[in-house]
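Q: Pasting in a structure now, in structure tokens, and then I'll have a few things to ask.
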Amino acid sequence: MDETVAEYIRRTVLKIPRDEIKSMLQTWGFLSETQLQTLNFHQTKDNISQDVVQLCEDNSADIKQAAVLDIIYNHIYPNKRIWSVYQMNKTGEETDFFDLTDFKKKFKRRLQSALKNVTINFREYEDNAIWIRIAWGTPYKKPNQYKTSYVVYHSQTPYVFISASVLRSTLPLLCQALVVASNYHDIREMELRSHCLNSLKDIAFKRYSQTFQTYYPRPLQERNVAPENVDLRIIQENRSEKERIQRVNREVFGDGPQPKLEFAQYKVWLMHHFHHYLHVYHRKRGIILKLERGKVSFQEAL
């Protein structure tokens with residue numbers, strides 16, 4: 001087994017919580033049950049990782065098996081990465097039958113024709129999600145297994161969730177490969193980013209509202225005590241508005257929690273009317289609203 005593969009497996013095992021190492025190795029399926037029984041999961045994680053590497057050495061593991069273990073880890077802990085939402089579009093209304101084998105072949109061919117040193121691994125899950133792991137190299141260097149891109153594609157939808165590599169120059173190649181492999185016409189970013197992959201799926205698949213209303217576990221009247229110098233009518237108006245928003249959200253989207261977002265961007269158009277002597281002027285102005293880590297900012301659209 002190559003030393004770089006051994007080191008990568010060791011580091012992957014070290015990332016896993018100790019009480020979950022055994023179950024994750026079982027999901028991996030590369031080591032037999034007999035081999036797993038020889039492991040002492042009560043020792044330090046460093047010793048466990050060394051023992052796992054030794055068993056992988058006995059089984060002649062290569063980078064393909066190491067990549068599968070990494071996919072399993074990221075599938076269980078997707079919040080360790082930052083995800084962005086992309087939407088693909090077709091030129092017409094036609095619907096094509098999705099062939100997974102054909103998708104994989106086209107995806108790999110497109111990337112490998114543009115970049116020789118690249119490793120690509122796929123893993124399918126029960127929710128029709130295809131997880132793709134890409135490790136990028138250069139014409140003169142082997143793929144860097146520590147600077148990977150991840151793609152989660154639900155074949156029944158036009159949405160793709162990408163956790164891009166720190167090598168930003170690879171993103172256009174990745175998007176081109178997705179468009180070609182899935183038989184779409186183009187792809188665009190939706191300006192939604194978060195560590196919480198499930199929240200992004202909820203928004204993209206329209207299972208939840210994009211109204212960011214906070215849900216309180218206690219009745220509103222128990223949360224705040226009115227200051228003496230505040231108009232009680234204002235307090236009542238605010239309370240009524242919050243209750244109205246909560247009621248509408250419950251009626252339309254249920255009582256579940258709202259999605260968690262770290263970045264969102266919206267463009268709105270405002271029409272200004274102003275008078276100058278006897279003439280009335282109108283100006284249409286684009287405003288971009290950004291929500292990032294709880295802070296809202298505005299800028300004029302170009």
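Chain lettering (A, B, ...) mirrors the order of the structure tokens, residue numbering begins at 1 for each chain separately, and ligand numbering begins at 1 in order of display.
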Would you mind listing, for every residue of segment 8-102 of chain A within 7 Å of segment 144-163 of chain A, the two atoms forming the shortest contact and the distance between them in Å to one decimal, using only C-alpha atoms, sorted by chain and ascending residue number, as a tab-separated table?

A:
```
residue	atom	partner	partner_atom	distance
A:Arg81	CA	A:Ser163	CA	6.5
A:Ile82	CA	A:Ser163	CA	5.7
A:Trp83	CA	A:Ser163	CA	4.6
A:Ser84	CA	A:Ile162	CA	5.3
A:Val85	CA	A:Phe161	CA	4.8
A:Tyr86	CA	A:Val160	CA	5.1
A:Gln87	CA	A:Tyr159	CA	4.7
A:Met88	CA	A:Pro158	CA	5.1
A:Asn89	CA	A:Pro158	CA	6.9
A:Phe98	CA	A:Ser155	CA	7.0
```

Q: Could you please take those selected residues and save N, CA, C and O atoms as a CSV table (one decimal), in the first residue's frame?

A:
```
chain,number,residue,atom,x,y,z
A,81,ARG,N,-18.3,20.9,6.1
A,81,ARG,CA,-18.0,21.6,4.9
A,81,ARG,C,-19.0,22.8,4.7
A,81,ARG,O,-20.0,22.8,5.2
A,82,ILE,N,-18.6,23.7,3.8
A,82,ILE,CA,-19.5,24.8,3.4
A,82,ILE,C,-20.0,24.4,2.0
A,82,ILE,O,-19.3,24.1,1.1
A,83,TRP,N,-21.4,24.5,1.9
A,83,TRP,CA,-22.0,24.1,0.7
A,83,TRP,C,-22.7,25.3,0.0
A,83,TRP,O,-23.2,26.2,0.6
A,84,SER,N,-22.7,25.2,-1.3
A,84,SER,CA,-23.4,26.2,-2.1
A,84,SER,C,-24.4,25.5,-3.0
A,84,SER,O,-24.2,24.3,-3.4
A,85,VAL,N,-25.5,26.2,-3.4
A,85,VAL,CA,-26.5,25.6,-4.2
A,85,VAL,C,-26.4,26.1,-5.6
A,85,VAL,O,-26.2,27.3,-5.9
A,86,TYR,N,-26.5,25.2,-6.6
A,86,TYR,CA,-26.5,25.5,-8.0
A,86,TYR,C,-27.8,24.9,-8.6
A,86,TYR,O,-28.2,23.9,-8.3
A,87,GLN,N,-28.3,25.7,-9.7
A,87,GLN,CA,-29.5,25.2,-10.4
A,87,GLN,C,-29.1,25.0,-11.9
A,87,GLN,O,-28.6,26.0,-12.5
A,88,MET,N,-29.4,23.9,-12.4
A,88,MET,CA,-29.2,23.6,-13.8
A,88,MET,C,-30.5,23.9,-14.6
A,88,MET,O,-31.6,23.7,-14.1
A,89,ASN,N,-30.3,24.3,-15.9
A,89,ASN,CA,-31.5,24.6,-16.7
A,89,ASN,C,-31.4,23.9,-18.0
A,89,ASN,O,-30.3,23.7,-18.6
A,98,PHE,N,-32.9,9.3,-16.7
A,98,PHE,CA,-31.6,9.4,-16.1
A,98,PHE,C,-30.9,8.0,-16.0
A,98,PHE,O,-31.5,7.1,-15.5
```

Q: Looking at only C-alpha atoms, which of A:Lys201, A:Gln50, A:Ala66, A:Ile187 is the one that sits closest to Ala129 of chain A?

A: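 Among the listed residues, A:Lys201 lies closest to Ala129 of chain A.
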
Q: Please provide as an MDAnalysis selection string all residues within 10 Å of Thr119 of chain A, with the sequence filter that same-chain residues fewer than 4 positions apart are discarded (counting only C-alpha atoms).

A: chainID A and resid 63:64 67 108 111:112 133:137 142:145 148

Q: Go through A:Ile203, A:Val179, A:Val5, A:Leu31 one by one, measure the shortest atom-to-atom distance of each to Arg110 of chain A using only C-alpha atoms, and give the residue with the smallest value.

A: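 Checking each candidate against Arg110 of chain A, we get A:Val179 as the closest.
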
Q: From the list A:Ile130, A:Glu3, A:Tyr140, A:Lys80, which residue is nearest Leu178 of chain A when using only C-alpha atoms?

A: A:Ile130

Q: DSSP on the backbone, then: every residue of segment 65-120 of chain A marked alpha helix (DSSP H), written as a list of chain:residue names.

A: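 Of segment 65-120 of chain A, only A:Gln65, A:Ala66, A:Ala67, A:Val68, A:Leu69, A:Asp70, A:Ile71, A:Ile72, A:Tyr73, A:Asn74, A:His75, A:Ile76, A:Leu100, A:Thr101, A:Asp102, A:Phe103, A:Lys104, A:Lys105, A:Lys106, A:Phe107, A:Lys108, A:Arg109, A:Arg110, A:Leu111, A:Gln112, A:Ser113, A:Ala114 fall in alpha helix (DSSP H).
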
Q: Could you tell me how far atom CA of Leu55 of chain A sits from atom CA of Trp131 of chain A, in Å to one decimal place?

A: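 One can read the atom CA of Trp131 of chain A to atom CA of Leu55 of chain A distance as 26.3 Å.
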
Q: Determine the nearest neighbour of Asp99 of chain A from the options A:Gln37, A:Ser32, A:Ser182, A:Leu174, counting only C-alpha atoms.

A: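 Counting only C-alpha atoms, the residue closest to Asp99 of chain A is A:Ser182.
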